[in-house]
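Participant: Take this structure, written in structure tokens, and hold onto it; I'll ask about it next.
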Amino acid sequence: MAVVDTDFLAGARTLYKAAFDEIMGAAPGVWQRFATLFDTEGKATLGFDWLGAPPMMRTMVDTLTIGKSFEHNYTIAVDETGVGIEIKEQAYMSNPLGTILKHVENMMVQASKYYDKVCIEALSDGFTATGFDSASFFNAAHTIGDGASFDNSDTAALDNAGATYQVAWQKLNAAEDDSGEPMGFIGNVLIVHSNNRLTARQLLNAEIISQTSNVLVDDSELIVSPWVSTSTHWFLGAGGQPVNPIVLAEQMAPRFVAMDGLDSPNAFHGNRFQYKVDAKVSVGYGDPRTMIGSNGTT
């Protein structure tokens with residue numbers, strides 16, 4: 001039977017912190033394929049009044065073409081987020097620490113998925129939630145700077161023959177900068193709900209579809225997620241941009257915290273020790289020209 005004293009609790013905390021560092025430092029989440037992380041440098045809000053696209057490089061005649069920054073008064077307020085568990089002293093006394101570690105690790109694994117969750121949920125919310133130009137993020141009439149209006153929305157269902165995928169890909173590729181020049185985005189990440197998994201896998205993986213060679217094999221990386229809020233929604237993005245379709249404002253990265261002192265209130269009054277993972281972060285919208293969203297209703 002373990003003696004739950006200061007040394008035991010310090011050892012447990014060290015073990016849990018090592019597990020936290022390993023889990024959080026493991027393979028990066030899928031959010032990094034289509035979202036950009038901004039450090040708020042300690043601020044509770046992050047403003048984006050500079051969003052715009054620099055012009056395409058071109059031959060100089062008399063003067064250099066200078067890109068504009070457009071004031072949109074778009075801010076993201078950081079949220080406090082977290083998850084915690086409680087372990088009773090009796091559990092420590094009656095069970096090997098290694099078995100309790102698995103319970104703590106499970107909390108950490110779930111916490112490590114949080115950025116994926118909020119970024120993908122933001123995509124589905126984008127049919128109604130507004131971006132920096134005060135229009136819904138997926139909208140048929142975005143107007144940015146001096147460029148032509150841009151439609152990054154669709155209603156077509158994803159089909160395994162590639163017709164609707166190709167329409168979205170062409171929209172991305174034709175998106176213009178603020179002065180009307182094509183930006184040359186390449187669709188490289190397809191995000192679907194779990195219900196669309198087989199259709200998407202056939203579209204991107206099958207060598208032959210309907211007795212015809214499939215030219216879209218490996219055309220995009222596939223992300224299948226239950227956090228796409230509606231089963232028909234699908235999204236094609238040009239990931240890897242300096243400003244991606246989704247932006248994260250992070251005031252504090254995820255951290256592991258323990259309230260495990262023998263003189264802490266929860267231990268003194270109830271022989272309980274508490275552990276949590278928390279962060280200060282929120283999600284918003286970046287450049288709508290880098291993502292096409294379809295509600296898949298037609």
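Residues in the structure tokens are named by chain (A, B, ... in the order shown) and by number from 1 within that chain; ligands are numbered from 1 in the order shown.
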For A:Leu158, work out the shell of residues within 10 Å, counting only C-alpha atoms and skipping chain neighbours fewer than 4 positions away, then give it as an NGL selection string.
Facilitator: :A and (162-165 or 192 or 196 or 199-200 or 203 or 232-235 or 294-298)
Participant: Using the selection just defined, write its residues with C-alpha atoms as a tab-separated table (two decimals), in the first residue's frame.
Facilitator:
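File written: part_35.tsv
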```tsv
chain	number	residue	atom	x	y	z
A	162	GLY	CA	-14.79	14.56	-58.79
A	163	ALA	CA	-17.09	17.04	-60.55
A	164	THR	CA	-17.98	19.10	-57.46
A	165	TYR	CA	-14.44	18.82	-56.12
A	192	VAL	CA	-15.29	15.94	-44.57
A	196	ASN	CA	-18.58	11.27	-46.23
A	199	THR	CA	-16.93	9.01	-50.88
A	200	ALA	CA	-13.86	11.12	-50.13
A	203	LEU	CA	-12.35	10.29	-54.81
A	232	THR	CA	-23.11	16.88	-45.72
A	233	HIS	CA	-20.63	19.72	-45.16
A	234	TRP	CA	-17.26	19.51	-46.92
A	235	PHE	CA	-14.38	21.92	-47.38
A	294	SER	CA	-20.11	23.53	-49.33
A	295	ASN	CA	-23.15	22.68	-47.24
A	296	GLY	CA	-23.75	19.74	-49.59
A	297	THR	CA	-27.50	20.21	-49.82
A	298	THR	CA	-27.88	19.87	-53.62
```
Participant: For stretch 110-117 of chain A, work out the shell of residues within 8 Å, counting only C-alpha atoms and skipping chain neighbours fewer than 6 positions away, then give it as a list in words.
Facilitator: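 Within the cut-off, the hits are Ile23, Met24, Gly29, Val30, Trp31, Gly82, Val83, Trp227 and Val277 of chain A.
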Participant: Next, write the just-selected residues to a file, as a PDB file, in the first residue's frame, keeping N, CA and C atoms as the atom set.
Facilitator:
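The new file result-v5.pdb reads:
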```
ATOM      1  N   ILE A  23       2.780  13.751 -24.763  1.00  0.00           N
ATOM      2  CA  ILE A  23       1.531  13.743 -25.531  1.00  0.00           C
ATOM      3  C   ILE A  23       1.386  15.022 -26.338  1.00  0.00           C
ATOM      4  N   MET A  24       1.662  16.152 -25.727  1.00  0.00           N
ATOM      5  CA  MET A  24       1.517  17.423 -26.429  1.00  0.00           C
ATOM      6  C   MET A  24       2.595  17.617 -27.495  1.00  0.00           C
ATOM      7  N   GLY A  29      -1.510  18.166 -34.543  1.00  0.00           N
ATOM      8  CA  GLY A  29      -2.908  17.998 -34.891  1.00  0.00           C
ATOM      9  C   GLY A  29      -3.175  18.377 -36.333  1.00  0.00           C
ATOM     10  N   VAL A  30      -4.326  17.954 -36.831  1.00  0.00           N
ATOM     11  CA  VAL A  30      -4.674  18.255 -38.222  1.00  0.00           C
ATOM     12  C   VAL A  30      -4.970  19.738 -38.418  1.00  0.00           C
ATOM     13  N   TRP A  31      -5.253  20.474 -37.332  1.00  0.00           N
ATOM     14  CA  TRP A  31      -5.563  21.898 -37.476  1.00  0.00           C
ATOM     15  C   TRP A  31      -4.436  22.656 -38.157  1.00  0.00           C
ATOM     16  N   GLY A  82     -10.340  24.499 -20.450  1.00  0.00           N
ATOM     17  CA  GLY A  82      -9.647  23.545 -19.600  1.00  0.00           C
ATOM     18  C   GLY A  82     -10.442  22.282 -19.357  1.00  0.00           C
ATOM     19  N   VAL A  83      -9.766  21.281 -18.822  1.00  0.00           N
ATOM     20  CA  VAL A  83     -10.378  20.021 -18.417  1.00  0.00           C
ATOM     21  C   VAL A  83      -9.595  19.506 -17.214  1.00  0.00           C
ATOM     22  N   TRP A 227     -16.151  16.359 -35.970  1.00  0.00           N
ATOM     23  CA  TRP A 227     -16.436  17.729 -35.538  1.00  0.00           C
ATOM     24  C   TRP A 227     -16.929  18.615 -36.677  1.00  0.00           C
ATOM     25  N   VAL A 277      -5.560  20.343 -17.346  1.00  0.00           N
ATOM     26  CA  VAL A 277      -4.887  20.939 -18.499  1.00  0.00           C
ATOM     27  C   VAL A 277      -5.732  22.133 -18.903  1.00  0.00           C
TER      28      VAL A 277
END
```
Participant: For A:Asn73, find every residue with an atom within 9 Å (counting only C-alpha atoms), except residues of its own chain fewer than 5 positions away, and show them as a PyMOL selection string.
Facilitator: chain A and resi 47-49+132-133
Participant: Could you list, as an NGL selection string, every residue within 12 Å of A:Leu262, counting only C-alpha atoms and ignoring same-chain residues fewer than 2 positions away?
Facilitator: :A and (4-10 or 89 or 258-260 or 264-274)
Participant: Any chance you can output those residues with C-alpha atoms as an mmCIF file, in the first residue's frame?
Facilitator:
```
data_model
loop_
_atom_site.group_PDB
_atom_site.id
_atom_site.type_symbol
_atom_site.label_atom_id
_atom_site.label_comp_id
_atom_site.auth_asym_id
_atom_site.auth_seq_id
_atom_site.Cartn_x
_atom_site.Cartn_y
_atom_site.Cartn_z
ATOM 1 C CA VAL A 4 0.571 9.246 0.122
ATOM 2 C CA ASP A 5 3.023 11.790 1.448
ATOM 3 C CA THR A 6 4.746 14.811 -0.045
ATOM 4 C CA ASP A 7 7.401 12.727 -1.795
ATOM 5 C CA PHE A 8 4.807 10.393 -3.326
ATOM 6 C CA LEU A 9 2.718 13.282 -4.646
ATOM 7 C CA ALA A 10 5.776 15.050 -6.067
ATOM 8 C CA GLU A 89 -6.165 9.491 -1.691
ATOM 9 C CA ALA A 258 -1.656 20.134 -10.191
ATOM 10 C CA MET A 259 -3.409 21.003 -6.929
ATOM 11 C CA ASP A 260 -1.833 18.222 -4.947
ATOM 12 C CA SER A 264 -4.498 22.308 -0.235
ATOM 13 C CA PRO A 265 -8.227 22.825 0.548
ATOM 14 C CA ASN A 266 -9.393 19.808 -1.453
ATOM 15 C CA ALA A 267 -6.832 17.530 0.229
ATOM 16 C CA PHE A 268 -7.353 18.921 3.723
ATOM 17 C CA HIS A 269 -11.145 18.664 3.636
ATOM 18 C CA GLY A 270 -11.690 15.670 1.363
ATOM 19 C CA ASN A 271 -8.427 13.774 0.766
ATOM 20 C CA ARG A 272 -8.653 14.571 -2.943
ATOM 21 C CA PHE A 273 -6.011 15.744 -5.418
ATOM 22 C CA GLN A 274 -6.866 17.608 -8.609
#
```
Participant: So that I can check the surroundings of A:Tyr285, please list as a VMD selection string every protein, DNA and RNA residue that reaches within 12 Å of it, counting only C-alpha atoms and ignoring chain neighbours fewer than 2 positions away.
Facilitator: chain A and resid 34 to 37 47 to 48 51 74 to 76 118 to 127 129 to 138 243 to 249 282 to 283 287 to 291
Participant: Residues as selected, N, CA and C atoms, written as a CSV table (one decimal), in the first residue's frame, can you do that?
Facilitator:
```csv
chain,number,residue,atom,x,y,z
A,34,PHE,N,-4.7,23.7,-41.9
A,34,PHE,CA,-5.5,24.8,-42.5
A,34,PHE,C,-5.7,25.9,-41.6
A,35,ALA,N,-5.0,26.0,-40.5
A,35,ALA,CA,-5.1,27.1,-39.5
A,35,ALA,C,-3.8,27.7,-39.2
A,36,THR,N,-3.8,29.0,-38.9
A,36,THR,CA,-2.6,29.7,-38.5
A,36,THR,C,-2.7,30.1,-37.0
A,37,LEU,N,-1.6,29.9,-36.3
A,37,LEU,CA,-1.6,30.2,-34.8
A,37,LEU,C,-0.9,31.6,-34.6
A,47,GLY,N,-6.2,41.7,-32.6
A,47,GLY,CA,-6.9,42.5,-33.7
A,47,GLY,C,-6.3,42.2,-35.0
A,48,PHE,N,-7.1,42.2,-36.1
A,48,PHE,CA,-6.7,41.9,-37.4
A,48,PHE,C,-7.2,43.0,-38.3
A,51,LEU,N,-5.5,42.8,-42.5
A,51,LEU,CA,-5.7,41.7,-43.5
A,51,LEU,C,-5.9,42.2,-44.9
A,74,TYR,N,-11.6,43.8,-36.9
A,74,TYR,CA,-11.9,42.4,-36.6
A,74,TYR,C,-11.0,42.0,-35.5
A,75,THR,N,-11.6,41.5,-34.4
A,75,THR,CA,-10.8,41.1,-33.2
A,75,THR,C,-11.3,39.7,-32.8
A,76,ILE,N,-10.4,39.0,-32.1
A,76,ILE,CA,-10.7,37.7,-31.6
A,76,ILE,C,-10.5,37.8,-30.1
A,118,VAL,N,-12.0,22.8,-32.2
A,118,VAL,CA,-12.5,24.1,-32.4
A,118,VAL,C,-12.3,24.7,-33.8
A,119,CYS,N,-11.2,24.3,-34.4
A,119,CYS,CA,-10.9,24.7,-35.8
A,119,CYS,C,-11.8,24.1,-36.8
A,120,ILE,N,-12.1,22.8,-36.7
A,120,ILE,CA,-13.1,22.2,-37.6
A,120,ILE,C,-14.5,22.6,-37.3
A,121,GLU,N,-14.9,22.8,-36.1
A,121,GLU,CA,-16.2,23.3,-35.8
A,121,GLU,C,-16.4,24.7,-36.4
A,122,ALA,N,-15.3,25.5,-36.4
A,122,ALA,CA,-15.4,26.9,-37.0
A,122,ALA,C,-15.7,26.8,-38.4
A,123,LEU,N,-15.2,25.8,-39.1
A,123,LEU,CA,-15.5,25.7,-40.6
A,123,LEU,C,-17.0,25.5,-40.8
A,124,SER,N,-17.6,24.6,-40.1
A,124,SER,CA,-19.1,24.4,-40.2
A,124,SER,C,-19.9,25.7,-39.8
A,125,ASP,N,-19.4,26.3,-38.7
A,125,ASP,CA,-20.0,27.6,-38.3
A,125,ASP,C,-19.9,28.7,-39.3
A,126,GLY,N,-18.9,28.5,-40.3
A,126,GLY,CA,-18.6,29.6,-41.2
A,126,GLY,C,-19.7,29.9,-42.2
A,127,PHE,N,-20.7,29.1,-42.3
A,127,PHE,CA,-21.8,29.4,-43.2
A,127,PHE,C,-22.7,30.5,-42.6
A,129,ALA,N,-21.4,32.4,-39.3
A,129,ALA,CA,-20.5,33.2,-38.6
A,129,ALA,C,-19.7,34.2,-39.5
A,130,THR,N,-19.5,35.4,-39.0
A,130,THR,CA,-18.8,36.4,-39.9
A,130,THR,C,-17.3,36.4,-39.7
A,131,GLY,N,-16.7,36.8,-40.8
A,131,GLY,CA,-15.2,36.9,-40.8
A,131,GLY,C,-14.8,38.4,-40.8
A,132,PHE,N,-13.6,38.7,-41.2
A,132,PHE,CA,-13.1,40.1,-41.0
A,132,PHE,C,-13.8,41.1,-41.9
A,133,ASP,N,-14.5,40.6,-43.0
A,133,ASP,CA,-15.1,41.6,-43.9
A,133,ASP,C,-16.6,41.8,-43.5
A,134,SER,N,-17.0,41.3,-42.3
A,134,SER,CA,-18.4,41.4,-41.8
A,134,SER,C,-19.4,40.5,-42.6
A,135,ALA,N,-19.0,39.7,-43.5
A,135,ALA,CA,-19.8,38.8,-44.2
A,135,ALA,C,-19.6,37.4,-43.6
A,136,SER,N,-20.6,36.5,-43.8
A,136,SER,CA,-20.4,35.1,-43.4
A,136,SER,C,-19.1,34.6,-44.0
A,137,PHE,N,-18.3,33.8,-43.3
A,137,PHE,CA,-17.0,33.4,-43.9
A,137,PHE,C,-17.2,32.7,-45.2
A,138,PHE,N,-18.2,31.8,-45.3
A,138,PHE,CA,-18.5,31.2,-46.6
A,138,PHE,C,-19.6,32.0,-47.2
A,243,VAL,N,-1.5,33.3,-43.9
A,243,VAL,CA,-2.8,33.5,-43.2
A,243,VAL,C,-3.7,32.4,-43.8
A,244,ASN,N,-4.0,31.4,-43.0
A,244,ASN,CA,-4.9,30.3,-43.5
A,244,ASN,C,-6.4,30.7,-43.3
A,245,PRO,N,-7.3,29.8,-43.7
A,245,PRO,CA,-8.7,30.2,-43.5
A,245,PRO,C,-9.1,30.3,-42.1
A,246,ILE,N,-8.5,29.5,-41.2
A,246,ILE,CA,-8.8,29.6,-39.8
A,246,ILE,C,-7.6,30.2,-39.0
A,247,VAL,N,-7.9,31.0,-38.1
A,247,VAL,CA,-6.8,31.6,-37.3
A,247,VAL,C,-7.1,31.3,-35.8
A,248,LEU,N,-6.0,31.0,-35.0
A,248,LEU,CA,-6.1,30.8,-33.6
A,248,LEU,C,-5.4,31.9,-32.9
A,249,ALA,N,-6.1,32.5,-31.9
A,249,ALA,CA,-5.4,33.5,-31.1
A,249,ALA,C,-5.1,32.8,-29.8
A,282,SER,N,-8.6,31.1,-28.6
A,282,SER,CA,-9.9,31.2,-29.3
A,282,SER,C,-9.6,31.2,-30.8
A,283,VAL,N,-10.7,30.9,-31.5
A,283,VAL,CA,-10.6,30.7,-32.9
A,283,VAL,C,-11.4,31.8,-33.7
A,287,ASP,N,-8.3,34.4,-44.2
A,287,ASP,CA,-8.6,34.8,-45.6
A,287,ASP,C,-9.6,33.8,-46.2
A,288,PRO,N,-10.8,34.3,-46.6
A,288,PRO,CA,-11.8,33.4,-47.2
A,288,PRO,C,-11.4,32.9,-48.6
A,289,ARG,N,-10.4,33.5,-49.2
A,289,ARG,CA,-9.9,33.1,-50.5
A,289,ARG,C,-9.2,31.8,-50.5
A,290,THR,N,-8.8,31.3,-49.2
A,290,THR,CA,-8.1,30.1,-49.1
A,290,THR,C,-8.9,28.9,-48.8
A,291,MET,N,-10.2,29.0,-48.8
A,291,MET,CA,-11.1,27.8,-48.4
A,291,MET,C,-12.4,28.0,-49.1
```
Participant: I need the residues in stretch 52-226 of chain A that are helix (DSSP H, G or I) according to DSSP; give them as a PyMOL selection string.
Facilitator: chain A and resi 89-94+97-112+114-125+163-174+194-205
Participant: Pick the closest to A:Ile87 from A:Gly240, A:Tyr275, A:Arg201, A:Gly25: which is it, counting only C-alpha atoms?
Facilitator: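 Under the stated criterion, the closest residue is A:Tyr275.
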